[in-house]
file target_1.cif (mmCIF, C-alpha atoms)
data_input
loop_
_atom_site.label_atom_id
_atom_site.label_comp_id
_atom_site.auth_asym_id
_atom_site.auth_seq_id
_atom_site.Cartn_x
_atom_site.Cartn_y
_atom_site.Cartn_z
CA MET V 829 0.00 0.00 0.00
CA THR V 830 1.68 3.16 -1.17
CA THR V 831 -0.22 5.75 0.80
CA THR V 832 0.88 8.38 3.26
CA ASN V 833 -0.08 10.21 6.40
CA LEU V 834 1.64 13.56 6.19
CA THR V 835 0.36 17.11 6.25
CA THR V 836 2.57 20.07 5.44
CA ASN V 837 1.89 23.75 5.94
CA VAL V 838 4.03 26.40 4.28
CA ARG V 839 4.44 29.90 5.72
CA ASN V 840 6.22 32.42 3.52
CA GLY V 841 7.57 35.32 5.55
CA ASN V 842 8.25 38.74 4.04
CA ASN V 843 11.81 38.54 5.35
CA GLY V 844 12.93 35.93 2.82
CA ILE V 845 12.45 33.09 5.29
CA SER V 846 9.91 30.34 4.69
CA VAL V 847 8.82 27.73 7.19
CA ILE V 848 7.52 24.27 6.35
CA ASP V 849 5.56 22.61 9.18
CA PHE V 850 5.48 18.83 9.13
CA ASP V 851 2.64 16.93 10.78
CA GLY V 852 2.77 13.15 10.53
CA GLU V 853 5.13 10.68 8.93
CA VAL V 854 7.95 11.34 6.47
CA ASN V 855 8.73 8.26 4.42
CA GLY V 856 9.45 7.26 0.85
CA PHE V 857 5.83 7.66 -0.17
CA THR V 858 5.73 11.35 0.76
CA GLU V 859 8.04 12.55 -2.02
CA SER V 860 5.43 14.54 -3.94
CA ILE V 861 4.14 16.18 -0.73
CA LEU V 862 7.64 17.25 0.30
CA MET V 863 8.61 18.51 -3.11
CA ASP V 864 5.34 20.47 -3.46
CA ALA V 865 5.96 22.02 -0.05
CA TYR V 866 9.49 22.96 -1.06
CA GLN V 867 8.19 24.58 -4.27
CA GLN V 868 5.71 26.64 -2.26
CA ALA V 869 8.41 27.64 0.22
CA SER V 870 10.94 28.58 -2.41
CA LYS V 871 10.10 32.03 -3.75
CA ASP V 872 12.36 34.43 -5.65
CA ASN V 873 13.46 36.22 -2.50
CA THR V 874 13.71 33.18 -0.24
CA HIS V 875 17.15 32.90 1.31
CA ALA V 876 16.34 30.42 4.07
CA ILE V 877 13.89 27.59 4.59
CA ILE V 878 13.14 26.24 8.05
CA LEU V 879 11.80 22.72 8.43
CA ASN V 880 9.66 22.63 11.57
CA PHE V 881 9.47 19.05 12.88
CA GLU V 882 7.58 19.73 16.12
CA LYS V 883 4.70 17.50 15.00
CA LEU V 884 6.82 14.86 13.30
CA ASP V 885 5.55 11.41 14.23
CA TYR V 886 7.90 9.24 12.28
CA LEU V 887 10.86 9.44 9.92
CA ASN V 888 12.41 6.46 8.18
CA SER V 889 15.53 6.15 6.04
CA SER V 890 13.67 6.89 2.81
CA GLY V 891 12.40 10.06 4.46
CA ILE V 892 15.99 11.03 5.26
CA GLY V 893 16.77 10.54 1.57
CA LEU V 894 14.00 12.99 0.67
CA LEU V 895 15.39 15.56 3.08
CA VAL V 896 18.76 15.22 1.33
CA THR V 897 17.04 15.92 -1.97
CA ILE V 898 15.44 19.07 -0.53
CA LEU V 899 18.82 20.10 0.86
CA ILE V 900 20.43 19.80 -2.57
CA ARG V 901 17.63 21.79 -4.20
CA ALA V 902 17.99 24.52 -1.57
CA GLN V 903 21.77 24.64 -2.01
CA ARG V 904 21.38 25.02 -5.75
CA GLN V 905 19.10 28.01 -5.13
CA ASP V 906 21.62 29.51 -2.66
CA GLN V 907 19.14 28.97 0.16
CA ARG V 908 20.06 27.90 3.68
CA LEU V 909 18.19 24.95 5.12
CA LEU V 910 17.53 24.86 8.85
CA ALA V 911 15.52 22.54 11.08
CA CYS V 912 13.78 22.98 14.41
CA GLY V 913 11.56 21.05 16.76
CA LEU V 914 13.45 17.80 16.43
CA SER V 915 13.21 15.38 19.34
CA ASP V 916 16.45 14.02 20.81
CA HIS V 917 15.84 10.81 18.89
CA TYR V 918 15.63 12.54 15.54
CA ARG V 919 18.58 14.79 16.38
CA GLU V 920 20.57 11.58 16.77
CA ILE V 921 19.43 10.44 13.35
CA PHE V 922 20.58 13.72 11.82
CA ALA V 923 23.95 13.15 13.55
CA LEU V 924 24.15 9.52 12.40
CA THR V 925 23.57 10.45 8.78
CA ARG V 926 25.74 13.57 9.18
CA LEU V 927 22.89 15.70 7.86
CA ASP V 928 23.48 17.97 10.85
CA GLU V 929 26.71 19.08 9.15
CA ALA V 930 24.69 20.66 6.35
CA ILE V 931 21.37 21.53 7.97
CA GLY V 932 21.47 23.89 10.94
CA ILE V 933 19.59 22.35 13.86
CA TYR V 934 17.81 24.60 16.39
CA ALA V 935 15.55 23.85 19.32
CA THR V 936 12.82 26.33 18.45
CA GLU V 937 11.51 28.11 15.41
CA SER V 938 12.42 31.52 16.83
CA GLU V 939 16.03 30.39 17.30
CA ALA V 940 16.09 29.11 13.73
CA ILE V 941 14.67 32.41 12.42
CA SER V 942 17.31 34.35 14.37
CA ALA V 943 20.03 32.15 12.88
CA ALA V 944 18.59 32.54 9.39
CA ASN V 945 18.73 36.31 9.74
CA LEU V 946 22.43 36.34 10.56
CA MET U 1082 -2.13 18.75 1.89
CA THR U 1083 -2.95 15.20 2.94
CA THR U 1084 -3.23 11.92 1.11
CA PRO U 1085 -4.94 8.73 2.28
CA THR U 1086 -3.73 6.91 5.35
CA PRO U 1087 -0.99 4.34 4.89
CA GLU U 1088 0.05 1.14 6.50
CA VAL U 1089 3.62 2.11 7.19
CA PRO U 1090 5.48 0.34 9.98
CA LYS U 1091 6.67 2.62 12.74
CA SER U 1092 9.95 1.41 14.06
CA VAL U 1093 11.31 4.26 16.11
CA ASP U 1094 13.89 1.90 17.54
CA GLY U 1095 14.89 0.79 14.07
CA TRP U 1096 17.59 3.45 13.87
CA ALA U 1097 21.23 2.91 14.82
CA LYS U 1098 22.89 5.23 17.30
CA PRO U 1099 25.39 7.78 15.95
CA VAL U 1100 29.01 6.63 15.92
CA ASP U 1101 32.23 8.63 15.64
CA LYS U 1102 34.25 5.74 14.22
CA LEU U 1103 33.28 2.35 12.87
CA SER U 1104 34.29 -0.77 14.71
CA VAL U 1105 34.17 -4.29 13.30
CA LYS U 1106 33.10 -6.92 15.84
CA GLU U 1107 33.99 -10.13 14.06
CA VAL U 1108 36.55 -10.61 11.30
CA PRO U 1109 36.52 -14.07 9.71
CA SER U 1110 40.01 -15.34 8.87
CA GLU U 1111 39.34 -15.21 5.12
CA ALA U 1112 38.05 -11.62 5.21
CA ILE U 1113 40.16 -8.55 4.54
CA ASN U 1114 39.47 -5.76 7.02
CA LEU U 1115 41.37 -2.89 5.51
CA ASN U 1116 39.12 0.10 5.04
CA VAL U 1117 36.48 -0.01 7.76
CA GLU U 1118 37.92 -0.15 11.26
CA GLY U 1119 38.27 3.34 12.70
CA ARG U 1120 36.69 5.03 9.68
CA GLN U 1121 33.78 7.46 9.80
CA LEU U 1122 30.58 6.96 7.86
CA ALA U 1123 30.94 8.83 4.59
CA GLY U 1124 27.70 10.70 5.15
CA LEU U 1125 24.96 11.76 2.81
CA VAL U 1126 26.29 15.25 2.26
CA HIS U 1127 29.88 14.18 1.70
CA GLY U 1128 31.41 12.52 -1.31
CA PHE U 1129 33.02 14.15 -4.32
CA GLY U 1130 31.01 13.42 -7.44
CA GLN U 1131 27.57 14.04 -8.82
CA MET U 1132 24.69 12.84 -6.69
CA TRP U 1133 22.56 10.13 -8.24
CA GLN U 1134 19.42 8.42 -7.09
CA LYS U 1135 19.35 4.97 -8.63
CA THR U 1136 16.26 2.83 -8.21
CA TYR U 1137 16.14 -0.86 -9.13
CA ARG U 1138 12.81 -2.68 -8.91
CA VAL U 1139 11.46 -6.15 -9.55
CA ASN U 1140 7.84 -7.35 -9.36
CA LEU U 1141 7.15 -10.65 -7.66
CA SER U 1142 4.02 -11.20 -9.71
CA GLY U 1143 2.34 -14.58 -9.64
CA VAL U 1144 3.47 -15.53 -6.15
CA ASN U 1145 1.75 -15.06 -2.84
CA VAL U 1146 4.39 -13.46 -0.67
CA THR U 1147 4.10 -10.38 1.52
CA PRO U 1148 6.62 -7.52 1.69
CA GLN U 1149 7.36 -8.54 5.28
CA GLU U 1150 8.19 -12.10 4.22
CA VAL U 1151 10.47 -10.86 1.45
CA ILE U 1152 12.39 -8.54 3.77
CA LYS U 1153 12.70 -11.21 6.46
CA THR U 1154 14.19 -13.63 3.93
CA TRP U 1155 16.44 -10.95 2.48
CA LYS U 1156 17.79 -9.89 5.88
CA GLU U 1157 18.49 -13.49 6.88
CA ASN U 1158 20.34 -14.35 3.68
CA PHE U 1159 21.55 -11.01 2.41
CA PRO U 1160 24.94 -11.98 0.89
CA LYS U 1161 23.49 -15.13 -0.66
CA TYR U 1162 21.84 -13.08 -3.40
CA TRP U 1163 24.96 -11.16 -4.35
CA PRO U 1164 26.79 -12.09 -7.56
CA GLU U 1165 29.37 -14.84 -7.09
CA GLY U 1166 32.75 -13.83 -5.71
CA ASN U 1167 31.42 -11.01 -3.55
CA ASN U 1168 31.04 -11.37 0.20
CA LEU U 1169 29.46 -9.48 3.04
CA TYR U 1170 30.66 -10.57 6.47
CA ILE U 1171 28.04 -9.43 8.95
CA PRO U 1172 28.02 -10.38 12.66
CA LEU U 1173 25.92 -13.35 13.74
CA THR U 1174 23.30 -10.95 15.05
CA GLY U 1175 22.54 -10.26 11.38
CA ILE U 1176 21.20 -7.12 9.80
CA GLN U 1177 20.44 -5.07 12.89
CA PRO U 1178 20.76 -1.32 13.45
CA GLY U 1179 24.34 -0.37 14.27
CA GLU U 1180 25.95 -3.56 12.97
CA VAL U 1181 29.03 -3.08 10.81
CA GLY U 1182 29.68 -5.48 7.95
CA LEU U 1183 32.86 -6.13 6.01
CA ILE U 1184 32.55 -6.29 2.24
CA ASN U 1185 35.09 -8.07 0.04
CA LEU U 1186 34.22 -7.43 -3.58
CA ALA U 1187 35.56 -9.20 -6.64
CA ALA U 1188 37.66 -6.68 -8.57
CA PRO U 1189 39.46 -6.92 -11.92
CA GLY U 1190 42.65 -8.98 -11.97
CA GLY U 1191 41.50 -11.27 -9.18
CA LEU U 1192 41.84 -8.49 -6.61
CA LYS U 1193 39.58 -8.27 -3.60
CA LEU U 1194 38.32 -4.79 -2.84
CA SER U 1195 37.88 -4.42 0.89
CA THR U 1196 35.24 -2.05 2.20
CA GLY U 1197 32.15 -2.21 4.37
CA ILE U 1198 28.78 -0.88 5.44
CA MET U 1199 26.91 0.06 8.56
CA VAL U 1200 23.28 -0.90 9.02
CA ILE U 1201 21.64 2.40 9.92
CA TYR U 1202 17.96 1.45 9.85
CA THR U 1203 15.68 -1.55 9.75
CA ASP U 1204 11.97 -2.22 9.96
CA ASP U 1205 9.61 -4.96 8.75
CA VAL U 1206 9.64 -3.80 5.16
CA SER U 1207 13.00 -2.13 4.69
CA PHE U 1208 16.59 -1.77 5.81
CA SER U 1209 19.30 0.74 4.96
CA PHE U 1210 23.09 0.84 4.84
CA MET U 1211 25.53 3.70 4.85
CA THR U 1212 29.07 3.46 3.56
CA PRO U 1213 32.40 4.29 5.22
CA GLU U 1214 35.03 6.72 3.99
CA GLY U 1215 36.96 5.21 1.09
CA HIS U 1216 34.00 3.24 -0.29
CA MET U 1217 33.17 3.67 -3.98
CA PHE U 1218 30.37 6.02 -3.08
CA ALA U 1219 29.24 8.15 -0.18
CA GLY U 1220 25.62 7.74 0.64
CA MET U 1221 22.81 5.48 1.63
CA ILE U 1222 21.22 2.45 0.05
CA THR U 1223 17.77 1.26 1.05
CA PHE U 1224 16.37 -2.21 0.43
CA SER U 1225 12.60 -2.39 0.66
CA ALA U 1226 9.45 -4.18 -0.40
CA TYR U 1227 5.91 -2.91 -0.75
CA GLU U 1228 2.60 -3.96 -2.20
CA ASP U 1229 1.04 -2.29 -5.20
CA GLU U 1230 -2.28 -3.51 -6.59
CA GLY U 1231 -1.82 -6.91 -4.99
CA ILE U 1232 1.72 -7.44 -6.26
CA THR U 1233 4.76 -7.38 -4.01
CA ILE U 1234 7.48 -5.16 -5.42
CA VAL U 1235 11.07 -5.35 -4.24
CA GLN U 1236 13.23 -2.27 -4.53
CA ILE U 1237 16.80 -1.13 -4.04
CA GLN U 1238 17.31 2.61 -3.95
CA ALA U 1239 20.75 4.18 -3.73
CA LEU U 1240 21.32 7.87 -3.04
CA ILE U 1241 24.99 8.25 -3.76
CA ARG U 1242 27.94 10.36 -4.81
CA ALA U 1243 31.23 8.91 -6.02
CA ASN U 1244 33.49 9.32 -3.02
CA ASP U 1245 36.55 10.72 -4.78
CA PRO U 1246 37.84 11.78 -8.22
CA ILE U 1247 39.02 8.28 -9.18
CA TYR U 1248 35.59 6.75 -8.56
CA GLU U 1249 33.90 9.74 -10.23
CA LEU U 1250 36.01 9.18 -13.33
CA SER U 1251 34.93 5.54 -13.41
CA PHE U 1252 31.30 6.64 -13.21
CA ARG U 1253 31.76 9.27 -15.92
CA LEU U 1254 33.42 6.72 -18.19
CA GLY U 1255 30.50 4.39 -17.64
CA PHE U 1256 32.09 1.31 -16.15
CA GLY U 1257 31.45 2.42 -12.57
CA HIS U 1258 27.74 2.74 -13.23
CA ARG U 1259 27.69 -0.44 -15.32
CA SER U 1260 29.33 -2.50 -12.63
CA GLU U 1261 27.05 -1.07 -9.93
CA ASP U 1262 23.95 -1.68 -12.05
CA GLU U 1263 24.91 -5.25 -12.93
CA PHE U 1264 25.55 -6.00 -9.28
CA TRP U 1265 22.09 -4.91 -8.13
CA HIS U 1266 20.30 -6.34 -11.16
CA ASN U 1267 21.85 -9.72 -10.38
CA THR U 1268 20.98 -9.37 -6.72
CA LEU U 1269 17.30 -8.66 -7.42
CA GLU U 1270 17.11 -11.44 -10.00
CA ASN U 1271 18.61 -13.90 -7.50
CA LEU U 1272 16.21 -12.76 -4.78
CA ALA U 1273 13.23 -13.07 -7.13
CA SER U 1274 14.40 -16.59 -8.02
CA GLU U 1275 14.28 -17.47 -4.33
CA PHE U 1276 10.51 -16.90 -4.56
CA GLY U 1277 10.20 -18.73 -7.86
CA VAL U 1278 9.99 -15.63 -10.05
CA GLN U 1279 12.07 -14.93 -13.15
CA GLY U 1280 12.06 -11.22 -12.51
CA GLN U 1281 12.72 -8.45 -14.99
CA VAL U 1282 14.53 -5.65 -13.20
CA GLU U 1283 13.45 -2.09 -13.98
CA GLN U 1284 15.88 0.74 -13.36
CA LYS U 1285 15.47 4.48 -13.01
CA ASN U 1286 18.37 6.91 -12.63
CA GLU U 1287 17.89 10.47 -11.49
CA LEU U 1288 20.67 13.05 -11.34
CA ILE U 1289 19.92 14.85 -8.09
CA ASP U 1290 22.97 17.12 -8.10
CA PRO U 1291 25.19 17.60 -11.16
CA ARG U 1292 27.77 19.53 -9.16
CA ILE U 1293 31.15 18.27 -8.01
CA GLN U 1294 32.13 18.87 -4.38
CA TRP U 1295 35.76 19.91 -4.80
CA ASN U 1296 36.14 20.37 -1.05
CA GLU U 1297 35.95 16.56 -0.80
CA VAL U 1298 38.82 15.94 -3.23
CA ASN U 1299 41.11 14.68 -0.46
CA ASN U 1300 38.85 11.65 -0.01
CA VAL U 1301 41.08 10.08 -2.64
CA TRP U 1302 43.66 9.30 0.05
CA ARG U 1303 41.25 6.81 1.57
CA ASN U 1304 40.25 5.18 -1.74
CA ALA U 1305 39.45 1.58 -0.79
CA GLY U 1306 40.25 0.31 -4.28
CA VAL U 1307 43.74 1.78 -4.33
CA ARG U 1308 44.44 0.67 -0.77
CA SER U 1309 43.16 -2.84 -1.51
CA ALA U 1310 45.42 -3.09 -4.58
CA LEU U 1311 48.43 -1.96 -2.57
CA TYR U 1312 47.56 -4.50 0.11
CA ALA U 1313 47.16 -7.40 -2.35
CA PRO U 1314 50.78 -8.65 -2.11
CA VAL U 1315 50.53 -8.65 1.69
CA ALA U 1316 47.28 -10.61 1.53
CA ALA U 1317 48.91 -13.14 -0.81
CA VAL U 1318 51.78 -13.72 1.63
CA LYS U 1319 49.36 -14.01 4.56
CA ASN U 1320 47.38 -16.61 2.63
CA LEU U 1321 50.53 -18.67 2.10
CA PHE U 1322 51.11 -18.88 5.85
CA ARG U 1323 47.48 -19.30 6.90
CA PRO U 1324 46.89 -22.67 8.59
CA ALA U 1325 44.98 -25.13 6.43
CA GLN U 1326 41.31 -25.43 7.45
#

call {"tool": "encode", "arguments": {"input": "target_1.cif", "output": "structure tokens"}}
result
Amino acid sequence: MTTTNLTTNVRNGNNGISVIDFDGEVNGFTESILMDAYQQASKDNTHAIILNFEKLDYLNSSGIGLLVTILIRAQRQDQRLLACGLSDHYREIFALTRLDEAIGIYATESEAISAANL
Amino acid sequence: MTTPTPEVPKSVDGWAKPVDKLSVKEVPSEAINLNVEGRQLAGLVHGFGQMWQKTYRVNLSGVNVTPQEVIKTWKENFPKYWPEGNNLYIPLTGIQPGEVGLINLAAPGGLKLSTGIMVIYTDDVSFSFMTPEGHMFAGMITFSAYEDEGITIVQIQALIRANDPIYELSFRLGFGHRSEDEFWHNTLENLASEFGVQGQVEQKNELIDPRIQWNEVNNVWRNAGVRSALYAPVAAVKNLFRPAQ
């Protein structure tokens, strides 16, 4: 069964920072949802995109692969990619896969926004 | 936006813990452990060459087998389905999160290329490996099975960059890709045969990032192929003095 349980919400700020809220599960079947969300978040003036994982229920290895794809797309657009709201467990996964070396990790959205403005 | 609810296994404990350096638990006497012990995982954002997503898929049509059954069989017999001459030495605990396996691959000229993997994730319908520094590619490879319209589909998906300029050259010249593709085609065909299916493997390649990461050029000093070739005479002498079994 190739179905998904993920909701995303995109907030485009007027400061060139967009936030994508994740609610649910990120896995290999959520590719189109993630890529649509990235497209909505990525405007002409966007210089940073924050992935808000506060309501993330589940992330598997295919989901990590999709985050890498978003990272590459952001890098090619000269956008910074940041993440916030990750539980300790998912922070460990970012460390394991060394994604934390390319995606800035912050505890809260406000901290991520401050970092994106630097 | 939301799409219909899935039946996706939730295995929060299916992830390995982060490690600074890889450590091999068991080294069989016939295995070469040259490029794994003490190495870091290469990481998804490291590696030198272009980033590719390569997907290999085979349908197990005509047989009644669930994705869970396929993955259970695959995990229990993983190296059995590899092309002849290639070995994965995994601890007796099997494919479990955090386990490190030694790989000895058949290379041209009778050489054995020594490298490895770490199991980073497993659940009922998938498992994933990451590669160490010096491996042919930096990245992650996921083995999975799922059901689509009543047919179980088995998939291998690699998200990879060539680890250094030598490997990238081999990919650009074609033989790196060809050898990688043949390896996984054979693996899926052998796995399908296990379930009585003469499977036709479908392949899709997607260039995720055409850029080269020049800041990773020094990875070449850890090239497992070069190091294995340099080690070959030592291995030959060791073999001469190994006690008969």

call {"tool": "atom_distance", "arguments": {"input": "target_1.cif", "atom1": "CA of Val1146 in chain U", "atom2": "CA of Gln1238 in chain U"}}
result
20.9 Å

call {"tool": "resolve_selection", "arguments": {"input": "target_1.cif", "expression": "the PyMOL selection byres ((chain V and resi 876) around 8)", "output": "ChimeraX atom specification"}}
result
/V:844-846,874-875,877-878,907-910,944

call {"tool": "closest_residue", "arguments": {"input": "target_1.cif", "among": "U:Thr1196, U:Asn1114, U:Thr1212, U:Asn1185", "to": "chain V", "atoms": "only C-alpha atoms"}}
result
U:Thr1212

call {"tool": "interface_residues", "arguments": {"input": "target_1.cif", "of": "chain V", "to": "chain U", "cutoff": "8 Å", "atoms": "only C-alpha atoms", "output": "PyMOL selection string"}}
result
chain V and resi 829-837+861+886+888-890+893+896-897+900+920-921+923-927+929-930

call {"tool": "atom_distance", "arguments": {"input": "target_1.cif", "atom1": "CA of His1266 in chain U", "atom2": "CA of Ala1112 in chain U"}}
result
24.7 Å

call {"tool": "resolve_selection", "arguments": {"input": "target_1.cif", "expression": "the PyMOL selection byres ((chain U and resi 1258) around 12)", "output": "MDAnalysis selection string"}}
result
chainID U and resid 1133:1135 1217:1218 1239 1241:1243 1248:1257 1259:1266 1286

call {"tool": "atom_distance", "arguments": {"input": "target_1.cif", "atom1": "CA of His1216 in chain U", "atom2": "CA of Ile1198 in chain U"}}
result
8.8 Å

call {"tool": "resolve_selection", "arguments": {"input": "target_1.cif", "expression": "the PyMOL selection byres ((chain V and resi 912) around 12)", "output": "ChimeraX atom specification"}}
result
/V:847-850,877-884,909-911,913-916,918-919,922,928,931-944

call {"tool": "residues_around", "arguments": {"input": "target_1.cif", "residues": "Ser1274 in chain U", "least_positions_apart": "3", "cutoff": "12 Å", "atoms": "only C-alpha atoms", "output": "list of chain:residue names"}}
result
U:Val1139, U:Asn1140, U:Leu1141, U:Ser1142, U:Val1144, U:Val1151, U:Lys1161, U:Tyr1162, U:Asn1267, U:Thr1268, U:Leu1269, U:Glu1270, U:Asn1271, U:Gly1277, U:Val1278, U:Gln1279, U:Gly1280, U:Gln1281

call {"tool": "closest_residue", "arguments": {"input": "target_1.cif", "among": "U:Val1318, U:Leu1311, U:Val1108, U:Leu1115", "to": "Gly1215 in chain U", "atoms": "all atoms listed in the file"}}
result
U:Leu1115

call {"tool": "closest_residue", "arguments": {"input": "target_1.cif", "among": "U:Ala1313, U:Leu1272, U:Leu1288, U:Leu1192", "to": "Arg901 in chain V", "atoms": "only C-alpha atoms"}}
result
U:Leu1288

call {"tool": "decode", "arguments": {"input": "target_1.cif", "residues": "range 866-904 of chain V", "atoms": "C-alpha atoms", "output": "PDB file, in the first residue's frame"}}
result
ATOM      1  CA  TYR V 866       9.494  22.960  -1.058  1.00  0.00           C
ATOM      2  CA  GLN V 867       8.194  24.581  -4.273  1.00  0.00           C
ATOM      3  CA  GLN V 868       5.707  26.643  -2.256  1.00  0.00           C
ATOM      4  CA  ALA V 869       8.407  27.640   0.224  1.00  0.00           C
ATOM      5  CA  SER V 870      10.945  28.579  -2.409  1.00  0.00           C
ATOM      6  CA  LYS V 871      10.102  32.032  -3.754  1.00  0.00           C
ATOM      7  CA  ASP V 872      12.358  34.430  -5.653  1.00  0.00           C
ATOM      8  CA  ASN V 873      13.463  36.224  -2.501  1.00  0.00           C
ATOM      9  CA  THR V 874      13.712  33.183  -0.245  1.00  0.00           C
ATOM     10  CA  HIS V 875      17.153  32.904   1.307  1.00  0.00           C
ATOM     11  CA  ALA V 876      16.344  30.417   4.075  1.00  0.00           C
ATOM     12  CA  ILE V 877      13.891  27.586   4.593  1.00  0.00           C
ATOM     13  CA  ILE V 878      13.139  26.240   8.050  1.00  0.00           C
ATOM     14  CA  LEU V 879      11.799  22.720   8.430  1.00  0.00           C
ATOM     15  CA  ASN V 880       9.661  22.627  11.575  1.00  0.00           C
ATOM     16  CA  PHE V 881       9.472  19.052  12.884  1.00  0.00           C
ATOM     17  CA  GLU V 882       7.578  19.731  16.122  1.00  0.00           C
ATOM     18  CA  LYS V 883       4.700  17.503  14.998  1.00  0.00           C
ATOM     19  CA  LEU V 884       6.820  14.863  13.296  1.00  0.00           C
ATOM     20  CA  ASP V 885       5.548  11.409  14.226  1.00  0.00           C
ATOM     21  CA  TYR V 886       7.901   9.241  12.284  1.00  0.00           C
ATOM     22  CA  LEU V 887      10.860   9.445   9.917  1.00  0.00           C
ATOM     23  CA  ASN V 888      12.406   6.460   8.179  1.00  0.00           C
ATOM     24  CA  SER V 889      15.526   6.148   6.041  1.00  0.00           C
ATOM     25  CA  SER V 890      13.666   6.887   2.809  1.00  0.00           C
ATOM     26  CA  GLY V 891      12.397  10.062   4.461  1.00  0.00           C
ATOM     27  CA  ILE V 892      15.985  11.031   5.256  1.00  0.00           C
ATOM     28  CA  GLY V 893      16.768  10.537   1.567  1.00  0.00           C
ATOM     29  CA  LEU V 894      14.004  12.988   0.667  1.00  0.00           C
ATOM     30  CA  LEU V 895      15.392  15.564   3.084  1.00  0.00           C
ATOM     31  CA  VAL V 896      18.756  15.218   1.335  1.00  0.00           C
ATOM     32  CA  THR V 897      17.038  15.924  -1.974  1.00  0.00           C
ATOM     33  CA  ILE V 898      15.443  19.071  -0.527  1.00  0.00           C
ATOM     34  CA  LEU V 899      18.825  20.102   0.861  1.00  0.00           C
ATOM     35  CA  ILE V 900      20.427  19.797  -2.569  1.00  0.00           C
ATOM     36  CA  ARG V 901      17.628  21.789  -4.195  1.00  0.00           C
ATOM     37  CA  ALA V 902      17.992  24.516  -1.572  1.00  0.00           C
ATOM     38  CA  GLN V 903      21.774  24.642  -2.006  1.00  0.00           C
ATOM     39  CA  ARG V 904      21.383  25.021  -5.753  1.00  0.00           C
TER      40      ARG V 904
END
